[in-house]
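*Asks:* Below is data.txt; it holds compact mmCIF, C-alpha atoms.
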# COMPACT_ATOMS: atom_id res chain seq x y z
CA MET A 1 125.41 34.78 2.07
CA LEU A 2 125.07 36.56 5.43
CA LYS A 3 122.37 38.79 4.05
CA ARG A 4 120.40 35.82 2.74
CA LYS A 5 120.55 34.09 6.13
CA HIS A 6 119.41 37.29 7.82
CA LEU A 7 116.36 37.47 5.55
CA GLN A 8 115.49 33.85 6.33
CA LEU A 9 115.70 34.51 10.05
CA SER A 10 113.48 37.56 9.62
CA LEU A 11 110.86 35.51 7.80
CA THR A 12 111.13 32.82 10.46
CA ALA A 13 110.54 35.41 13.15
CA LYS A 14 107.46 36.70 11.31
CA LEU A 15 106.23 33.15 10.93
CA ILE A 16 106.63 32.48 14.67
CA ILE A 17 104.66 35.65 15.44
CA SER A 18 102.02 34.57 12.98
CA PHE A 19 101.77 31.17 14.67
CA ALA A 20 101.21 32.82 18.00
CA ILE A 21 98.46 35.07 16.64
CA ASN A 22 96.83 32.85 14.12
CA GLY A 23 97.17 29.52 15.89
CA ILE A 24 95.90 26.43 14.23
CA CYS A 25 94.74 28.15 11.04
CA MET A 26 98.13 29.62 10.11
CA LEU A 27 99.90 26.46 11.24
CA GLY A 28 97.70 24.48 8.87
CA ALA A 29 98.60 26.83 6.00
CA LEU A 30 102.32 26.41 6.66
CA VAL A 31 102.16 22.63 7.05
CA TYR A 32 100.10 22.29 3.88
CA ALA A 33 102.50 24.48 1.90
CA ILE A 34 105.58 22.61 3.17
CA PHE A 35 103.93 19.27 2.46
CA GLY A 36 103.18 20.30 -1.11
CA LEU A 37 106.70 21.59 -1.70
CA SER A 38 108.24 18.45 -0.22
CA ALA A 39 106.09 16.25 -2.44
CA MET A 40 107.12 18.23 -5.51
CA HIS A 41 110.76 18.01 -4.46
CA HIS A 42 110.50 14.21 -4.24
CA LEU A 43 108.75 14.14 -7.61
CA VAL A 44 111.54 16.08 -9.30
CA ASP A 45 114.15 13.89 -7.56
CA ASP A 46 112.32 10.89 -8.96
CA ILE A 47 112.47 12.41 -12.45
CA ALA A 48 116.13 13.37 -12.15
CA TYR A 49 117.43 10.09 -10.70
CA ASN A 50 115.00 7.48 -12.04
CA ASP A 51 113.45 8.67 -15.30
CA LEU A 52 116.69 10.08 -16.67
CA ALA A 53 118.57 6.94 -15.66
CA ALA A 54 115.91 4.79 -17.35
CA ALA A 55 116.11 6.94 -20.50
CA THR A 56 119.89 6.46 -20.60
CA THR A 57 119.47 2.71 -20.14
CA THR A 58 117.01 2.62 -23.05
CA ILE A 59 119.71 4.14 -25.28
CA THR A 60 122.07 1.39 -24.10
CA LEU A 61 119.45 -1.24 -25.02
CA ARG A 62 119.11 0.19 -28.54
CA ASP A 63 122.88 0.45 -29.09
CA SER A 64 123.46 -3.07 -27.79
CA MET A 65 120.72 -4.49 -30.05
CA LEU A 66 122.16 -2.76 -33.10
CA ALA A 67 125.61 -4.15 -32.24
CA GLN A 68 124.19 -7.68 -31.89
CA GLU A 69 122.40 -7.46 -35.21
CA ARG A 70 125.54 -6.21 -36.96
CA THR A 71 127.62 -8.99 -35.42
CA ALA A 72 125.09 -11.67 -36.46
CA ARG A 73 125.06 -10.36 -40.02
CA ARG A 74 128.84 -10.42 -40.16
CA PHE A 75 128.82 -13.98 -38.85
CA MET A 76 126.48 -15.01 -41.68
CA ILE A 77 129.14 -13.84 -44.11
CA LEU A 78 132.48 -14.42 -42.38
CA LYS A 79 131.70 -17.36 -40.01
CA GLN A 80 134.41 -16.09 -37.64
CA PRO A 81 134.29 -17.68 -34.15
CA ASP A 82 135.30 -14.44 -32.44
CA LEU A 83 132.07 -12.89 -33.67
CA VAL A 84 130.15 -15.35 -31.47
CA GLU A 85 132.05 -14.10 -28.43
CA MET A 86 131.51 -10.47 -29.47
CA HIS A 87 127.78 -11.15 -29.87
CA GLY A 88 127.74 -12.75 -26.43
CA ARG A 89 129.30 -9.67 -24.83
CA GLN A 90 126.70 -7.42 -26.41
CA ALA A 91 123.94 -9.83 -25.35
CA GLU A 92 125.22 -9.71 -21.76
CA ARG A 93 125.31 -5.91 -21.99
CA PHE A 94 121.69 -5.98 -23.21
CA ARG A 95 120.60 -8.23 -20.35
CA ARG A 96 122.29 -6.04 -17.75
CA ALA A 97 120.63 -2.97 -19.20
CA PHE A 98 117.27 -4.75 -19.26
CA ASP A 99 117.62 -5.81 -15.62
CA SER A 100 118.55 -2.23 -14.73
CA ILE A 101 115.58 -0.66 -16.51
CA THR A 102 113.27 -3.25 -14.95
CA THR A 103 114.48 -2.11 -11.51
CA GLN A 104 114.20 1.58 -12.41
CA SER A 105 110.83 1.35 -14.16
CA ARG A 106 108.63 -1.44 -12.88
CA LEU A 107 105.44 -0.02 -14.36
CA TYR A 108 106.31 -0.35 -18.05
CA SER A 109 103.79 -2.75 -19.62
CA SER A 110 105.95 -3.06 -22.72
CA LEU A 111 108.88 -4.62 -20.82
CA ASN A 112 107.24 -8.05 -21.03
CA GLN A 113 106.84 -7.63 -24.77
CA LEU A 114 110.49 -6.60 -25.06
CA ALA A 115 111.60 -9.66 -23.08
CA SER A 116 109.51 -11.94 -25.30
CA ARG A 117 110.77 -10.49 -28.57
CA TYR A 118 114.37 -10.51 -27.43
CA ALA A 119 113.99 -14.15 -26.44
CA ASP A 120 112.80 -14.88 -30.00
CA TYR A 121 115.78 -13.04 -31.43
CA SER A 122 118.20 -14.81 -29.07
CA MET A 123 116.81 -18.18 -30.13
CA LEU A 124 117.42 -17.37 -33.82
CA ALA A 125 120.92 -16.05 -33.05
CA THR A 126 121.75 -19.23 -31.11
CA ARG A 127 120.59 -21.35 -34.02
CA LEU A 128 122.67 -19.25 -36.37
CA PHE A 129 125.86 -19.64 -34.31
CA ASN A 130 125.19 -23.39 -33.93
CA GLY A 131 125.22 -23.78 -37.72
CA THR A 132 121.47 -24.09 -38.26
CA GLY A 133 120.33 -22.42 -41.45
CA ILE A 134 118.75 -19.06 -40.61
CA THR A 135 117.64 -16.65 -43.32
CA GLU A 136 118.71 -13.03 -43.16
CA SER A 137 115.09 -11.91 -43.42
CA ALA A 138 114.10 -13.96 -40.36
CA LEU A 139 116.94 -12.46 -38.34
CA THR A 140 116.08 -8.96 -39.56
CA THR A 141 112.41 -9.42 -38.65
CA ALA A 142 113.29 -10.61 -35.14
CA ALA A 143 115.73 -7.74 -34.61
CA SER A 144 113.16 -5.21 -35.86
CA GLY A 145 110.67 -6.61 -33.38
CA VAL A 146 113.12 -6.02 -30.53
CA GLU A 147 113.82 -2.47 -31.72
CA THR A 148 110.07 -1.79 -31.92
CA ALA A 149 109.63 -3.05 -28.36
CA ILE A 150 112.49 -0.79 -27.20
CA GLU A 151 110.77 2.15 -28.86
CA SER A 152 107.56 1.23 -27.00
CA VAL A 153 109.48 1.32 -23.70
CA ARG A 154 110.89 4.72 -24.61
CA ASN A 155 107.38 6.01 -25.41
CA GLU A 156 106.13 4.84 -22.03
CA GLN A 157 109.05 6.65 -20.40
CA GLN A 158 108.04 9.86 -22.16
CA GLN A 159 104.39 9.42 -21.19
CA LEU A 160 105.33 8.82 -17.56
CA LEU A 161 107.54 11.91 -17.55
CA VAL A 162 104.73 14.05 -19.00
CA HIS A 163 102.37 12.66 -16.37
CA LYS A 164 104.76 13.52 -13.55
CA LEU A 165 105.27 17.06 -14.82
CA THR A 166 101.50 17.52 -15.10
CA THR A 167 101.07 16.22 -11.57
CA ALA A 168 103.66 18.68 -10.31
CA LYS A 169 101.82 21.56 -11.98
CA GLU A 170 98.46 20.51 -10.53
CA ARG A 171 99.98 20.01 -7.09
CA GLU A 172 101.51 23.47 -7.25
CA ALA A 173 98.17 25.13 -8.00
CA TYR A 174 96.36 23.05 -5.40
CA THR A 175 98.94 23.81 -2.69
CA ALA A 176 99.01 27.54 -3.39
CA THR A 177 95.21 27.79 -3.39
CA TRP A 178 94.62 26.04 -0.08
CA ALA A 179 97.55 27.76 1.60
CA LEU A 180 96.01 31.09 0.60
CA VAL A 181 92.56 30.09 1.86
CA LEU A 182 93.91 29.03 5.23
CA ALA A 183 96.14 32.07 5.55
CA LEU A 184 93.29 34.51 4.80
CA SER A 185 91.37 33.10 7.72
CA GLY A 186 93.91 34.51 10.21
CA VAL A 187 94.15 37.91 11.82
CA SER A 188 95.51 40.98 10.00
CA LEU A 189 99.15 40.42 10.90
CA SER A 190 99.08 36.76 9.96
CA VAL A 191 97.38 37.70 6.67
CA LEU A 192 100.21 40.13 5.93
CA VAL A 193 102.91 37.58 6.76
CA ALA A 194 101.12 34.82 4.89
CA SER A 195 100.72 37.05 1.83
CA VAL A 196 104.45 37.68 1.71
CA LEU A 197 105.20 33.98 2.01
CA ILE A 198 102.63 32.98 -0.58
CA TYR A 199 103.92 35.60 -2.98
CA SER A 200 107.42 34.22 -2.55
CA PHE A 201 106.25 30.66 -3.05
CA SER A 202 104.00 31.52 -6.00
CA SER A 203 106.78 33.44 -7.70
CA SER A 204 109.13 30.50 -7.32
CA MET A 205 106.49 28.04 -8.46
CA HIS A 206 105.84 30.16 -11.54
CA LYS A 207 109.54 30.20 -12.34
CA LEU A 208 109.74 26.44 -11.90
CA GLN A 209 106.67 25.95 -14.08
CA LYS A 210 108.20 28.18 -16.74
CA ALA A 211 111.49 26.28 -16.40
CA THR A 212 109.64 22.99 -16.82
CA HIS A 213 108.04 24.12 -20.08
CA ARG A 214 111.30 25.55 -21.43
CA ILE A 215 113.30 22.45 -20.58
CA ALA A 216 110.60 20.30 -22.17
CA ALA A 217 110.86 22.53 -25.28
CA GLY A 218 114.62 21.95 -25.50
CA GLU A 219 116.00 25.05 -23.71
CA PHE A 220 118.27 23.00 -21.45
CA ASP A 221 120.37 26.02 -20.39
CA HIS A 222 117.38 27.86 -18.90
CA ASP A 223 118.00 29.09 -15.34
CA PRO A 224 114.87 29.64 -13.18
CA GLN A 225 116.86 32.30 -11.27
CA ILE A 226 115.85 31.04 -7.86
CA PRO A 227 118.50 31.47 -5.13
CA ASP A 228 119.82 28.43 -3.27
CA GLY A 229 118.35 27.57 0.09
CA GLY A 230 115.28 25.67 1.23
CA GLU A 231 113.15 23.23 -0.68
CA ILE A 232 112.50 25.59 -3.59
CA GLY A 233 116.18 26.40 -4.00
CA SER A 234 117.02 22.69 -3.93
CA LEU A 235 114.22 22.04 -6.39
CA ALA A 236 115.55 24.75 -8.72
CA ARG A 237 119.05 23.27 -8.44
CA ASP A 238 117.67 19.85 -9.39
CA PHE A 239 115.94 21.40 -12.41
CA LYS A 240 119.21 22.97 -13.58
CA GLN A 241 121.09 19.70 -13.10
CA MET A 242 118.39 17.86 -15.01
CA GLY A 243 118.61 20.39 -17.86
CA GLN A 244 122.39 20.06 -18.05
CA ARG A 245 122.15 16.28 -18.10
CA LEU A 246 119.55 16.38 -20.88
CA LYS A 247 121.79 18.76 -22.83
CA GLU A 248 124.74 16.41 -22.49
CA LEU A 249 122.64 13.46 -23.65
CA GLU A 250 121.38 15.45 -26.64
CA GLN A 251 124.89 16.55 -27.61
CA ILE A 252 126.17 12.99 -27.39
CA SER A 253 123.30 11.76 -29.55
CA LEU A 254 123.73 14.50 -32.18
CA ASP A 255 127.52 14.29 -32.21
CA ALA A 256 127.77 10.54 -32.76
CA SER A 257 128.60 9.39 -36.30
CA PRO A 258 125.48 7.90 -37.94
CA LEU A 259 127.71 5.52 -39.91
CA THR A 260 130.00 4.06 -37.20
CA ARG A 261 128.02 5.04 -34.08
CA LEU A 262 131.31 6.29 -32.62
CA PRO A 263 131.53 9.62 -30.74
CA GLY A 264 132.27 12.68 -32.88
CA ASN A 265 134.30 15.86 -32.60
CA ILE A 266 132.58 17.30 -29.53
CA ALA A 267 133.16 14.13 -27.51
CA ILE A 268 136.75 13.87 -28.79
CA GLU A 269 137.55 17.40 -27.66
CA ARG A 270 135.94 16.80 -24.27
CA SER A 271 137.95 13.62 -23.75
CA ILE A 272 141.24 15.37 -24.56
CA THR A 273 140.39 18.46 -22.52
CA ARG A 274 139.49 16.36 -19.47
CA ARG A 275 142.83 14.56 -19.57
CA LEU A 276 144.69 17.84 -19.97
CA ARG A 277 142.79 19.36 -17.07
CA GLU A 278 143.48 16.35 -14.85
CA GLN A 279 147.19 16.33 -15.87
CA GLN A 280 146.99 12.74 -17.11
CA PRO A 281 149.64 11.29 -19.47
CA PHE A 282 148.03 9.71 -22.53
CA ALA A 283 148.61 8.81 -26.17
CA MET A 284 146.63 10.61 -28.88
CA CYS A 285 146.38 8.39 -31.99
CA TYR A 286 145.25 9.89 -35.31
CA LEU A 287 144.22 7.13 -37.78
CA ASP A 288 143.73 7.73 -41.51
CA LEU A 289 143.10 5.42 -44.48
CA ASP A 290 145.50 5.64 -47.45
CA ASN A 291 144.32 5.30 -51.08
CA PHE A 292 140.73 5.56 -49.91
CA LYS A 293 139.67 8.04 -52.62
CA SER A 294 140.72 5.68 -55.42
CA TYR A 295 138.82 2.88 -53.68
CA ASN A 296 135.71 5.06 -53.46
CA ASP A 297 136.01 6.01 -57.15
CA ARG A 298 136.34 2.35 -58.17
CA TYR A 299 133.82 0.61 -55.93
CA GLY A 300 131.33 3.39 -55.14
CA TYR A 301 130.23 5.12 -51.98
CA ILE A 302 128.20 2.18 -50.63
CA LYS A 303 131.20 -0.14 -50.50
CA ALA A 304 133.38 2.75 -49.29
CA SER A 305 130.94 3.51 -46.48
CA GLU A 306 130.90 -0.15 -45.51
CA LEU A 307 134.71 -0.12 -45.36
CA ILE A 308 134.69 2.94 -43.08
CA LYS A 309 132.07 1.34 -40.85
CA GLU A 310 133.98 -1.94 -40.57
CA THR A 311 137.20 -0.02 -39.89
CA GLY A 312 135.48 1.73 -37.00
CA TYR A 313 134.31 -1.63 -35.61
CA LEU A 314 137.83 -3.04 -35.99
CA ILE A 315 139.48 -0.13 -34.16
CA HIS A 316 136.89 -0.22 -31.37
CA ARG A 317 137.29 -3.97 -30.98
CA VAL A 318 141.09 -3.80 -30.78
CA ILE A 319 141.05 -0.95 -28.24
CA GLU A 320 138.36 -2.68 -26.18
CA ASN A 321 140.58 -5.74 -25.95
CA MET A 322 143.54 -3.66 -24.73
CA GLY A 323 142.11 -3.59 -21.21
CA ASP A 324 142.24 0.19 -20.69
CA PRO A 325 138.93 1.24 -19.08
CA GLU A 326 139.70 4.92 -19.82
CA ALA A 327 140.42 4.32 -23.53
CA PHE A 328 138.37 6.34 -26.04
CA VAL A 329 137.60 5.75 -29.73
CA GLY A 330 136.12 8.54 -31.86
CA HIS A 331 135.23 9.17 -35.52
CA ILE A 332 136.27 12.60 -36.79
CA GLY A 333 134.51 12.02 -40.11
CA GLY A 334 135.21 10.39 -43.44
CA ASP A 335 138.13 7.99 -43.09
CA ASP A 336 139.68 9.75 -40.07
CA PHE A 337 139.52 8.22 -36.57
CA VAL A 338 140.93 9.06 -33.15
CA VAL A 339 142.07 6.77 -30.34
CA ILE A 340 143.01 8.07 -26.89
CA ILE A 341 144.68 5.42 -24.77
CA ASN A 342 147.24 4.87 -22.01
CA HIS A 343 150.59 5.87 -23.50
CA MET A 344 152.12 2.56 -22.35
CA LEU A 345 149.65 0.65 -24.56
CA ALA A 346 149.91 2.84 -27.68
CA LYS A 347 152.56 0.79 -29.49
CA THR A 348 150.76 -2.53 -29.02
CA ALA A 349 147.46 -0.93 -30.02
CA CYS A 350 148.98 0.40 -33.28
CA GLN A 351 150.49 -2.98 -34.13
CA ASN A 352 147.22 -4.85 -33.46
CA ILE A 353 145.15 -2.39 -35.48
CA ILE A 354 147.53 -2.58 -38.45
CA HIS A 355 147.65 -6.39 -38.27
CA ASP A 356 143.86 -6.79 -38.17
CA PHE A 357 143.30 -4.11 -40.83
CA ASP A 358 145.77 -5.61 -43.29
CA GLU A 359 144.12 -9.00 -42.82
CA MET A 360 140.65 -7.54 -43.36
CA ILE A 361 141.21 -5.25 -46.35
CA PRO A 362 141.69 -7.85 -49.16
CA GLN A 363 138.10 -9.05 -48.81
CA TYR A 364 136.88 -5.63 -49.92
CA TYR A 365 138.48 -6.06 -53.35
CA THR A 366 137.62 -8.24 -56.32
CA GLU A 367 139.72 -11.27 -57.05
CA ASP A 368 141.35 -9.54 -60.03
CA ASP A 369 142.32 -6.48 -57.99
CA ARG A 370 143.69 -8.66 -55.21
CA ALA A 371 145.77 -10.60 -57.73
CA VAL A 372 147.53 -7.46 -59.02
CA GLY A 373 147.71 -5.88 -55.57
CA GLY A 374 145.75 -2.72 -56.39
CA ILE A 375 143.48 -0.88 -58.81
CA GLU A 376 143.95 1.33 -61.84
CA GLY A 377 142.74 4.90 -61.31
CA ILE A 378 143.30 8.61 -61.78
CA ASP A 379 145.12 10.57 -59.09
CA ARG A 380 144.22 14.05 -57.89
CA TYR A 381 146.35 15.54 -60.65
CA GLY A 382 144.52 13.67 -63.41
CA VAL A 383 147.38 11.24 -64.06
CA PRO A 384 146.56 7.53 -64.56
CA ARG A 385 148.33 5.28 -62.08
CA ARG A 386 147.99 2.09 -60.09
CA PHE A 387 146.84 2.50 -56.49
CA PRO A 388 147.80 -0.17 -53.94
CA LEU A 389 145.30 -1.74 -51.60
CA VAL A 390 143.94 0.59 -48.92
CA THR A 391 146.27 0.81 -45.92
CA ILE A 392 146.06 2.57 -42.58
CA SER A 393 148.40 5.23 -41.19
CA ILE A 394 148.57 6.00 -37.47
CA ALA A 395 150.17 9.13 -36.03
CA VAL A 396 150.66 8.93 -32.25
CA LEU A 397 151.47 11.78 -29.87
CA ASN A 398 152.79 10.82 -26.45
CA CYS A 399 151.13 13.61 -24.46
CA GLN A 400 152.76 14.22 -21.10
CA PRO A 401 151.50 16.82 -18.58
CA GLY A 402 152.68 20.27 -19.60
CA ASN A 403 153.48 19.41 -23.23
CA TYR A 404 150.19 20.75 -24.61
CA ALA A 405 147.72 23.31 -23.33
CA THR A 406 144.65 22.68 -25.48
CA ALA A 407 143.00 20.03 -27.63
CA ALA A 408 143.54 22.27 -30.67
CA GLU A 409 147.32 22.17 -30.16
CA ILE A 410 147.26 18.39 -29.98
CA ALA A 411 145.13 18.15 -33.14
CA THR A 412 147.54 20.38 -35.05
CA ALA A 413 150.58 18.41 -33.88
CA ALA A 414 148.89 15.09 -34.74
CA ALA A 415 148.10 16.32 -38.27
CA THR A 416 151.80 17.15 -38.76
CA VAL A 417 152.86 13.70 -37.58
CA LYS A 418 150.23 12.12 -39.82
CA ASP A 419 151.77 13.78 -42.89
CA ARG A 420 155.07 12.16 -41.97
CA VAL A 421 153.73 8.65 -41.56
CA LYS A 422 151.85 8.81 -44.88
CA GLU A 423 155.15 9.33 -46.69
CA SER A 424 155.87 5.60 -46.23
CA SER A 425 154.09 2.91 -48.22
CA GLY A 426 151.87 0.33 -46.60
CA SER A 427 150.26 0.44 -43.17
CA ASN A 428 152.54 2.30 -40.75
CA TYR A 429 152.59 4.13 -37.47
CA ILE A 430 154.74 6.81 -35.88
CA ILE A 431 154.97 7.49 -32.16
CA VAL A 432 156.27 10.99 -31.50
CA ARG A 433 159.34 11.13 -33.77
CA GLU A 434 160.05 7.40 -34.09
CA ALA A 435 158.64 5.67 -37.16
CA GLY A 436 158.40 2.07 -38.13
CA ARG A 437 156.44 -0.62 -39.86
CA GLY A 438 155.18 -3.09 -37.32
CA ASP A 439 157.74 -1.90 -34.78
CA CYS A 440 158.44 1.59 -33.43
Translate this file's structure into structure tokens.

*Replies:*
Amino acid sequence: MLKRKHLQLSLTAKLIISFAINGICMLGALVYAIFGLSAMHHLVDDIAYNDLAAATTTITLRDSMLAQERTARRFMILKQPDLVEMHGRQAERFRRAFDSITTQSRLYSSLNQLASRYADYSMLATRLFNGTGITESALTTAASGVETAIESVRNEQQQLLVHKLTTAKEREAYTATWALVLALSGVSLSVLVASVLIYSFSSSMHKLQKATHRIAAGEFDHDPQIPDGGEIGSLARDFKQMGQRLKELEQISLDASPLTRLPGNIAIERSITRRLREQQPFAMCYLDLDNFKSYNDRYGYIKASELIKETGYLIHRVIENMGDPEAFVGHIGGDDFVVIINHMLAKTACQNIIHDFDEMIPQYYTEDDRAVGGIEGIDRYGVPRRFPLVTISIAVLNCQPGNYATAAEIATAAATVKDRVKESSGSNYIIVREAGRGDC
């Protein structure tokens, strides 16, 4: 660090000497170069703090719209009043996100179209919840229109980002050219000093340009290898932060379950690791469906997938209503889910999930299967037997600071507890070493 400061002072001394010799000409070169760098710095700040924020908000718009559409479809079938409230929460989330993106991106021409199409959808949804006959195709068409408008907003975001990056590239070339022209008009010493400065600037600009192209191509871990300090160092730091943020957004998007839209294994491990690192007490809940294979064999993968999806919605809804802002719901895959919640709320959460699940599951069976309380099938050993209705087993680890070192240890311990809880019939849960049905 001392060496770097010494080099900066040396360059400053050379620059002062150059000012004295070169006068107005060299001063103009320096001012022009600094102005160009400052403008580029502001441009990258704008990309990092506005465009990225707007892109994240667009994802929220899409997720909220999908949630509203799913809730409206469920209301068509179930007519449950709580679905109206759930739809209202998602609608409020959509409106907040829309207001946010309007503030962040006032130039999007498609925002008016999005507002109009969402108003049409909201009108149909209101009529649906008020008991007016609305066809599924009409609701689907309106929802598709909103999703198309959201995609238009996203496209405008991408176009604006490309435009800003192109402007930065042009500004770089323009700044370097005129700085060189002005510097070459000075005396020999000022030419020498200016050449060194321009070489340093040009090298950094080239690295930033290369970093821009690589980040745009998906190499989010690319490091321009520019040392900290000054506008260029700050600019390089912003580029690296932008790349890391884009990488995180990509990982979240790729990791999410396409069926339930819940976070996957990467997000689950991060959530556990963060709590371990911060020495937070928490409850790790491992949820698994019992007799699911026989259900899949009897009713087919489409109905089985629908059951998994609805189970994910049910778990997320119950945990959301628990009032823990730090709570996390993830989908490992198949019929396995994870809930991370305040350890004081774990027991109530298990009881609510089991209660809601046992109330929901009969509707996924035919009347005949419900009457006999199960289905006839073949077990994994090829033996015919009767399988009860699908139930849910929950294994809960009360994780206190110092009990576990890694997420892998917790996963292994949870799997062991899960084997214990599945030994009992019906929907059950176990917290640490205490088991019970409806009460720990």

*Asks:* Skipping near chain neighbours, those fewer than 2 positions away, what residues fall within 12 Å of Cys350 (chain A) using all atoms listed in the file, listed as a ChimeraX atom specification?

*Replies:* /A:283-287,314-315,318-319,322,338-341,343-348,352-357,392-396,427-431,435-440

*Asks:* Work out how far apart CA of Glu172 (chain A) and CA of Gln158 (chain A) are and give it in Å to one decimal.

*Replies:* 21.2 Å

*Asks:* Can you tell me how far CA of Ala55 (chain A) sits from CA of Gln157 (chain A), in Å to one decimal?

*Replies:*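 Computed distance, CA of Ala55 (chain A) to CA of Gln157 (chain A), equals 7.1 Å.
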
*Asks:* Measuring atom to atom with all atoms listed in the file, identify which of A:Leu389, A:Leu161, A:Leu52, A:Ala173 is nearest to Val372 (chain A).

*Replies:*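 That would be A:Leu389, the residue with the smallest distance to Val372 (chain A).
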
*Asks:* Distance CA of Gly88 (chain A)-CA of Ile361 (chain A), one decimal place?

*Replies:*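 About the pair CA of Gly88 (chain A) and CA of Ile361 (chain A): they are 25.2 Å apart.
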
*Asks:* Could the residues of region 148-172 of chain A that have an atom at most 10 Å from region 112-126 of chain A be listed as JSON lines, each with its closest atom pair and the distance in Å to one decimal, counting all atoms listed in the file and ordered by chain and ascending residue number?

*Replies:*
{"residue": "A:Thr148", "atom": "CA", "partner": "A:Leu114", "partner_atom": "CA", "distance": 8.4}
{"residue": "A:Ala149", "atom": "CA", "partner": "A:Leu114", "partner_atom": "CA", "distance": 4.9}
{"residue": "A:Ile150", "atom": "CA", "partner": "A:Leu114", "partner_atom": "CA", "distance": 6.5}
{"residue": "A:Glu151", "atom": "CA", "partner": "A:Leu114", "partner_atom": "CA", "distance": 9.5}
{"residue": "A:Ser152", "atom": "CA", "partner": "A:Leu114", "partner_atom": "CA", "distance": 8.6}
{"residue": "A:Val153", "atom": "CA", "partner": "A:Leu114", "partner_atom": "CA", "distance": 8.1}

*Asks:* Using all atoms listed in the file, which of the listed residues (A:Asn321, A:Thr412, A:Ser38, A:Thr132) sits closest to Thr175 (chain A)?

*Replies:*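 The answer is A:Ser38, which sits nearest to Thr175 (chain A).
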
*Asks:* So which residues touch Asn265 (chain A) within 9 Å, counting all atoms listed in the file, skipping near sequence neighbours fewer than 5 positions away, as a ChimeraX atom specification?

*Replies:* /A:255-256,270,330-333

*Asks:* Take the selection from the previous step and output its residues with C-alpha atoms, as a CSV table (one decimal), in the frame of the given file.

*Replies:*
chain,number,residue,atom,x,y,z
A,255,ASP,CA,127.5,14.3,-32.2
A,256,ALA,CA,127.8,10.5,-32.8
A,270,ARG,CA,135.9,16.8,-24.3
A,330,GLY,CA,136.1,8.5,-31.9
A,331,HIS,CA,135.2,9.2,-35.5
A,332,ILE,CA,136.3,12.6,-36.8
A,333,GLY,CA,134.5,12.0,-40.1

*Asks:* So which residues are close to (119.5, -2.4, -21.5), meaning at most 12 Å away in the file's coordinates with only C-alpha atoms counted, and can you show them as a ChimeraX atom specification?

*Replies:* /A:53-66,90-105,111,114-115,118,146-147,150,153-154

*Asks:* Near Ile378 (chain A), within 10 Å and counting all atoms listed in the file, which residues show up once chain neighbours fewer than 4 positions away are dropped, as a count of residues only?

*Replies:* 9

*Asks:* Counting only C-alpha atoms, write as JSON, numbers by chain all protein and nucleic acid residues lying at most 12 Å from (147.8, 11.8, -17.9) in the file's frame.

*Replies:* {"A": [271, 272, 273, 274, 275, 276, 277, 278, 279, 280, 281, 282, 283, 284, 326, 327, 340, 341, 342, 343, 344, 398, 399, 400, 401, 402, 403, 404]}
